[in-house]
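Chemist: See entry_35.txt below, with compact mmCIF, C-alpha atoms.
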```txt
# COMPACT_ATOMS: atom_id res chain seq x y z
CA MET O 1 15.54 -12.41 5.75
CA SER O 2 14.19 -12.80 2.23
CA ILE O 3 11.98 -15.36 0.56
CA MET O 4 14.09 -17.90 -1.31
CA ILE O 5 12.64 -20.45 -3.75
CA SER O 6 14.44 -23.21 -5.60
CA GLN O 7 12.20 -23.32 -8.69
CA SER O 8 9.49 -21.22 -10.33
CA VAL O 9 6.03 -21.01 -8.78
CA GLY O 10 2.89 -20.26 -10.78
CA ARG O 11 1.78 -20.70 -14.37
CA GLY O 12 4.19 -23.06 -16.11
CA GLY O 13 6.38 -23.32 -13.03
CA ASP O 14 7.86 -26.36 -11.34
CA ASN O 15 5.58 -25.62 -8.37
CA ARG O 16 7.40 -27.57 -5.69
CA LYS O 17 5.31 -27.63 -2.55
CA PRO O 18 7.85 -25.96 -0.19
CA ASP O 19 8.34 -23.12 -2.72
CA THR O 20 4.61 -22.74 -3.33
CA ARG O 21 3.87 -22.53 0.40
CA LYS O 22 6.41 -19.70 0.76
CA ILE O 23 4.75 -17.74 -2.03
CA GLN O 24 1.26 -18.40 -0.67
CA LYS O 25 2.27 -17.16 2.79
CA ALA O 26 3.83 -14.03 1.29
CA LEU O 27 0.75 -13.28 -0.82
CA ASN O 28 -1.45 -13.64 2.26
CA GLU O 29 0.54 -10.88 3.96
CA VAL O 30 0.27 -8.65 0.92
CA PHE O 31 -3.47 -9.33 0.45
CA PRO O 32 -4.66 -10.03 4.03
CA GLY O 33 -8.35 -9.77 3.17
CA ALA O 34 -8.27 -12.56 0.59
CA LEU O 35 -6.40 -15.46 2.15
CA LEU O 36 -5.07 -18.41 0.22
CA GLU O 37 -4.92 -21.85 1.76
CA VAL O 38 -1.22 -22.47 2.42
CA ASP O 39 -1.24 -26.04 1.14
CA GLY O 40 1.63 -26.04 -1.34
CA ASP O 41 -0.72 -26.67 -4.28
CA CYS O 42 -0.40 -24.04 -6.98
CA GLY O 43 -3.98 -23.86 -8.18
CA THR O 44 -5.93 -21.27 -10.12
CA LEU O 45 -6.44 -19.00 -7.10
CA THR O 46 -2.72 -18.89 -6.28
CA ILE O 47 -1.92 -17.97 -9.89
CA ARG O 48 -4.59 -15.27 -9.83
CA ARG O 49 -3.07 -13.80 -6.67
CA ILE O 50 0.36 -13.75 -8.31
CA GLU O 51 -1.13 -11.98 -11.32
CA ARG O 52 -2.91 -9.48 -9.08
CA PHE O 53 0.35 -8.68 -7.36
CA GLN O 54 2.16 -8.33 -10.69
CA ARG O 55 -0.43 -5.88 -12.02
CA GLN O 56 1.00 -3.35 -9.60
CA PHE O 57 4.14 -3.07 -11.73
CA VAL O 58 3.54 -4.73 -15.15
CA GLN O 59 0.74 -4.45 -17.68
CA ASN O 60 0.80 -8.10 -18.76
CA PRO O 61 1.38 -10.38 -15.75
CA ASP O 62 2.56 -13.91 -16.47
CA GLY O 63 1.37 -15.40 -13.15
CA ARG O 64 4.76 -16.84 -12.25
CA VAL O 65 7.41 -16.15 -9.61
CA ASP O 66 10.95 -17.06 -10.66
CA PRO O 67 13.99 -17.47 -8.38
CA GLY O 68 15.88 -14.18 -8.41
CA GLY O 69 13.29 -12.63 -10.72
CA LYS O 70 11.56 -9.27 -10.66
CA THR O 71 8.36 -10.58 -9.10
CA LEU O 72 10.20 -12.28 -6.23
CA ASN O 73 12.26 -9.15 -5.59
CA ARG O 74 9.09 -7.04 -5.50
CA LEU O 75 7.39 -9.56 -3.24
CA ASN O 76 10.28 -9.44 -0.79
CA ALA O 77 9.86 -5.65 -0.65
CA ALA O 78 6.09 -5.95 -0.13
CA VAL O 79 5.85 -8.41 2.77
CA PRO O 80 5.62 -6.42 6.03
CA SER O 81 7.20 -9.08 8.24
CA LEU O 82 10.34 -9.07 6.07
CA GLN O 83 11.00 -5.36 6.50
CA ALA O 84 13.65 -4.48 9.08
CA ASP O 85 14.59 -0.91 8.16
CA TRP O 86 11.90 1.78 8.14
CA SER O 87 14.32 4.71 8.12
CA GLY O 88 14.96 7.26 5.38
CA ASP O 89 12.63 9.38 3.28
CA SER O 90 9.45 7.29 3.12
CA SER O 91 8.15 9.25 0.14
CA LYS O 92 11.03 7.75 -1.85
CA TRP O 93 10.39 4.15 -0.81
CA PRO O 94 9.33 1.73 -3.58
CA LYS O 95 5.59 1.22 -3.92
CA GLU O 96 5.75 -2.22 -2.31
CA LYS O 97 7.40 -0.89 0.84
CA LYS O 98 4.88 1.94 1.08
CA LEU O 99 2.06 -0.60 0.95
CA ALA O 100 3.84 -2.76 3.52
CA SER O 101 3.86 0.19 5.94
CA LEU O 102 0.04 0.32 6.03
CA ASP O 103 -2.41 -1.27 8.42
CA SER O 104 -3.29 -4.63 6.86
CA GLU O 105 -7.00 -3.96 6.27
CA PHE O 106 -6.28 -0.48 4.97
CA ARG O 107 -3.60 -1.94 2.68
CA SER O 108 -6.15 -4.19 0.98
CA LYS O 109 -8.47 -1.24 0.41
CA THR O 110 -5.58 0.83 -0.94
CA VAL O 111 -4.65 -1.86 -3.44
CA ARG O 112 -8.23 -1.94 -4.71
CA ILE O 113 -8.29 1.86 -5.03
CA LEU O 114 -5.10 1.78 -7.11
CA GLU O 115 -6.55 -0.97 -9.29
CA VAL O 116 -9.76 1.00 -9.88
CA LEU O 117 -7.84 4.15 -10.80
CA GLY O 118 -5.50 2.24 -13.08
CA ALA O 119 -8.42 0.57 -14.86
CA ALA O 120 -9.92 4.03 -15.44
CA GLY O 121 -6.81 5.11 -17.36
CA PHE O 122 -5.06 7.03 -14.57
CA LYS O 123 -1.49 6.47 -13.40
CA PRO O 124 -1.86 6.44 -9.61
CA LYS O 125 1.16 6.74 -7.36
CA ILE O 126 1.35 6.63 -3.58
CA HIS O 127 3.37 9.68 -2.55
CA TYR O 128 3.15 9.03 1.18
CA ALA O 129 1.92 6.04 3.13
CA TRP O 130 3.59 5.90 6.56
CA ARG O 131 5.86 8.74 7.59
CA SER O 132 7.66 9.48 10.82
CA VAL O 133 6.45 11.89 13.47
CA ALA O 134 9.60 13.95 12.85
CA VAL O 135 8.67 14.41 9.19
CA GLN O 136 5.09 15.20 10.22
CA ARG O 137 6.31 18.03 12.44
CA VAL O 138 8.33 19.49 9.58
CA LEU O 139 5.24 19.45 7.35
CA PHE O 140 3.24 21.09 10.16
CA ASN O 141 5.83 23.83 10.59
CA GLN O 142 5.81 24.43 6.84
CA GLY O 143 2.04 24.81 6.85
CA ASN O 144 1.53 21.69 4.73
CA SER O 145 -0.37 19.86 7.47
CA LYS O 146 -2.83 21.01 10.12
CA VAL O 147 -1.75 18.46 12.76
CA ARG O 148 1.47 17.48 14.53
CA PHE O 149 0.38 13.83 14.50
CA SER O 150 -1.59 12.34 11.62
CA PHE O 151 -2.97 8.98 10.57
CA HIS O 152 0.18 8.67 8.41
CA ASN O 153 2.22 8.41 11.63
CA ALA O 154 0.33 5.53 13.24
CA GLN O 155 2.50 2.66 14.37
CA PHE O 156 2.70 -0.30 16.69
CA LYS O 157 4.19 0.50 20.08
CA ASN O 158 7.43 -1.19 19.02
CA GLY O 159 7.82 1.49 16.33
CA LYS O 160 6.80 -0.65 13.35
CA PRO O 161 4.65 1.36 10.90
CA ARG O 162 0.90 0.83 10.81
CA ALA O 163 -0.28 3.81 8.78
CA TYR O 164 -3.98 4.52 8.34
CA ALA O 165 -3.55 7.13 5.58
CA ILE O 166 -2.18 7.52 2.07
CA ASP O 167 -1.54 10.44 -0.26
CA VAL O 168 -2.22 9.39 -3.86
CA ILE O 169 -1.39 11.41 -6.97
CA ASP O 170 -1.39 10.75 -10.69
CA ARG O 171 2.30 10.52 -11.54
CA ARG O 172 1.77 12.72 -14.63
CA TRP O 173 0.21 15.69 -12.83
CA ALA O 174 0.99 15.40 -9.10
CA TRP O 175 -0.85 18.32 -7.43
CA GLY O 176 -1.11 20.35 -10.65
CA ALA O 177 -4.34 21.74 -12.05
CA GLU O 178 -4.44 18.89 -14.58
CA ALA O 179 -5.33 16.46 -11.78
CA GLU O 180 -8.62 18.25 -11.22
CA ASN O 181 -9.24 19.09 -14.86
CA ASN O 182 -8.81 15.46 -15.90
CA GLY O 183 -11.03 14.13 -13.13
CA PHE O 184 -8.37 12.40 -11.06
CA TRP O 185 -9.32 13.90 -7.70
CA ALA O 186 -13.00 13.10 -8.25
CA ALA O 187 -12.12 9.52 -9.21
CA LEU O 188 -9.89 9.13 -6.16
CA GLY O 189 -12.61 10.48 -3.87
CA LYS O 190 -15.22 8.10 -5.29
CA ALA O 191 -12.90 5.09 -5.08
CA ALA O 192 -12.08 5.93 -1.46
CA LYS O 193 -15.71 6.38 -0.49
CA ASP O 194 -16.65 3.12 -2.24
CA GLU O 195 -14.21 1.42 0.14
CA GLY O 196 -15.79 3.12 3.17
CA LEU O 197 -12.80 5.44 3.64
CA TYR O 198 -12.48 9.19 4.26
CA TRP O 199 -11.25 11.54 1.52
CA GLY O 200 -9.49 14.83 2.29
CA GLY O 201 -11.14 16.48 -0.67
CA SER O 202 -14.44 16.37 1.25
CA TRP O 203 -13.15 18.42 4.19
CA ARG O 204 -14.65 21.87 4.60
CA SER O 205 -11.87 23.84 6.23
CA PHE O 206 -8.81 22.34 4.53
CA LYS O 207 -8.99 20.55 1.18
CA ASP O 208 -6.41 17.77 0.93
CA TYR O 209 -7.32 16.19 -2.40
CA ALA O 210 -4.59 13.53 -2.44
CA HIS O 211 -5.36 12.30 1.06
CA VAL O 212 -7.33 9.18 2.02
CA GLN O 213 -7.62 7.77 5.56
CA LYS O 214 -9.28 4.85 7.29
CA PHE O 215 -10.88 6.67 10.22
CA PRO O 216 -12.67 9.98 10.76
CA ASN O 217 -10.61 12.80 12.28
CA SER O 218 -12.38 12.29 15.61
CA LYS O 219 -10.36 9.06 16.07
CA LEU O 220 -6.95 10.72 15.72
CA ALA O 221 -6.31 11.14 19.46
CA ASP O 222 -7.12 7.46 20.07
CA ILE O 223 -4.74 6.36 17.30
CA LYS O 224 -1.99 8.55 18.72
CA GLU O 225 -2.42 6.94 22.15
CA GLN O 226 -2.43 3.44 20.62
CA SER O 227 0.78 4.31 18.77
CA GLY O 228 2.56 5.14 22.00
CA VAL O 229 3.56 8.59 20.75
CA ALA O 230 3.93 11.30 23.37
```
Can the structure in the file be given as structure tokens, please?

Modeler:
Amino acid sequence: MSIMISQSVGRGGDNRKPDTRKIQKALNEVFPGALLEVDGDCGTLTIRRIERFQRQFVQNPDGRVDPGGKTLNRLNAAVPSLQADWSGDSSKWPKEKKLASLDSEFRSKTVRILEVLGAAGFKPKIHYAWRSVAVQRVLFNQGNSKVRFSFHNAQFKNGKPRAYAIDVIDRRWAWGAEAENNGFWAALGKAAKDEGLYWGGSWRSFKDYAHVQKFPNSKLADIKEQSGVA
């Protein structure tokens, strides 16, 4: 089921209360740490939240959600409760769906990290957010991961994703030497640590420069048990 609005919501919009409430509820799912009052009044804060969401995919946000428009389509892809199909290659999901697959608190921190990196002139891209245990085992067998279950694989017991990890690259350089030479890995590590998160580039035995996670590695067994994964 998708969000449907009859008229535009936001700056210069018609801002009908039922439409505005739908957008406010959706934005609260996308930005769970900064809740809007769902009152149907499109005030300054609601417009700022729309603009913040738009900055993830446009340089000059207009602060408005139009029926059938790009922002509404992106919002429908970003709201976790609207997602029904989590199958397929999760590295190829759109950015909004990757963010929707994250634990809500971790999602808010991830959005801030992407904003910080973007403001610094980088072009950050989430390569992996959530991924299935089956994919994790393939990566393990290929030697690209040290564990059969990772924080990427965390989920609710009903199988809905609840990832506690992301892999972030600069879309221009990916894992190439340019990422280090141009300071991307250092910037990612600092942004992660500023959010109280754990950066794979700090690990001693295995450097995973693109990797950021919510918990220390000592919590992995607990997260696996909470996920209901054998």

Chemist: Using all atoms listed in the file for the distances, tell me which of O:Trp185, O:Tyr209, O:Phe57, O:Trp199 is nearest to Phe122 (chain O).

Modeler: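 Among the listed residues, O:Trp185 lies closest to Phe122 (chain O).
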
Chemist: Counting all atoms listed in the file, figure out which residue out of O:Arg52, O:Lys92, O:Lys214, O:Lys97 gets nearest to His152 (chain O).

Modeler: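 Under the stated criterion, the closest residue is O:Lys214.
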
Chemist: Closest to Asn15 (chain O) among O:Arg55, O:Lys219, O:Arg49, O:Arg64, using all atoms listed in the file?

Modeler: O:Arg64

Chemist: Have a look at CA of Lys109 (chain O) and CA of Gly196 (chain O) and let me know their distance in Å, one decimal.

Modeler: 9.0 Å

Chemist: List the neighbours of Gly201 (chain O) out to 10 Å using all atoms listed in the file; skip same-chain residues closer than 5 positions along the sequence, and give me the result as a short mmCIF file (atom, residue, chain, number, x, y, z; two decimals) with C-alpha atoms, in the coordinates of the input.

Modeler:
```
data_model
loop_
_atom_site.label_atom_id
_atom_site.label_comp_id
_atom_site.auth_asym_id
_atom_site.auth_seq_id
_atom_site.Cartn_x
_atom_site.Cartn_y
_atom_site.Cartn_z
CA TRP O 185 -9.32 13.90 -7.70
CA ALA O 186 -13.00 13.10 -8.25
CA LEU O 188 -9.89 9.13 -6.16
CA GLY O 189 -12.61 10.48 -3.87
CA PHE O 206 -8.81 22.34 4.53
CA LYS O 207 -8.99 20.55 1.18
CA ASP O 208 -6.41 17.77 0.93
CA TYR O 209 -7.32 16.19 -2.40
CA ALA O 210 -4.59 13.53 -2.44
CA HIS O 211 -5.36 12.30 1.06
CA VAL O 212 -7.33 9.18 2.02
#
```

Chemist: Given the choices O:Asp14, O:Ser101, O:Asn181, O:Ala174, which gets closest to Asp85 (chain O) if the distance is worked out from only C-alpha atoms?

Modeler: O:Ser101

Chemist: Counting all atoms listed in the file, find residues at most 7 Å from (12.7, -18.6, -9.5) (file frame) and give them as a tab-separated table (two decimals) with C-alpha atoms, in the frame of the given file.

Modeler:
```tsv
chain	number	residue	atom	x	y	z
O	5	ILE	CA	12.64	-20.45	-3.75
O	6	SER	CA	14.44	-23.21	-5.60
O	7	GLN	CA	12.20	-23.32	-8.69
O	8	SER	CA	9.49	-21.22	-10.33
O	65	VAL	CA	7.41	-16.15	-9.61
O	66	ASP	CA	10.95	-17.06	-10.66
O	67	PRO	CA	13.99	-17.47	-8.38
O	68	GLY	CA	15.88	-14.18	-8.41
O	69	GLY	CA	13.29	-12.63	-10.72
```

Chemist: For a quick check of understanding, using only C-alpha atoms, which of O:Asn76, O:Phe53, O:Ile113, O:Ser108 has the smallest distance to Ala34 (chain O)?

Modeler: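 That would be O:Ser108, the residue with the smallest distance to Ala34 (chain O).
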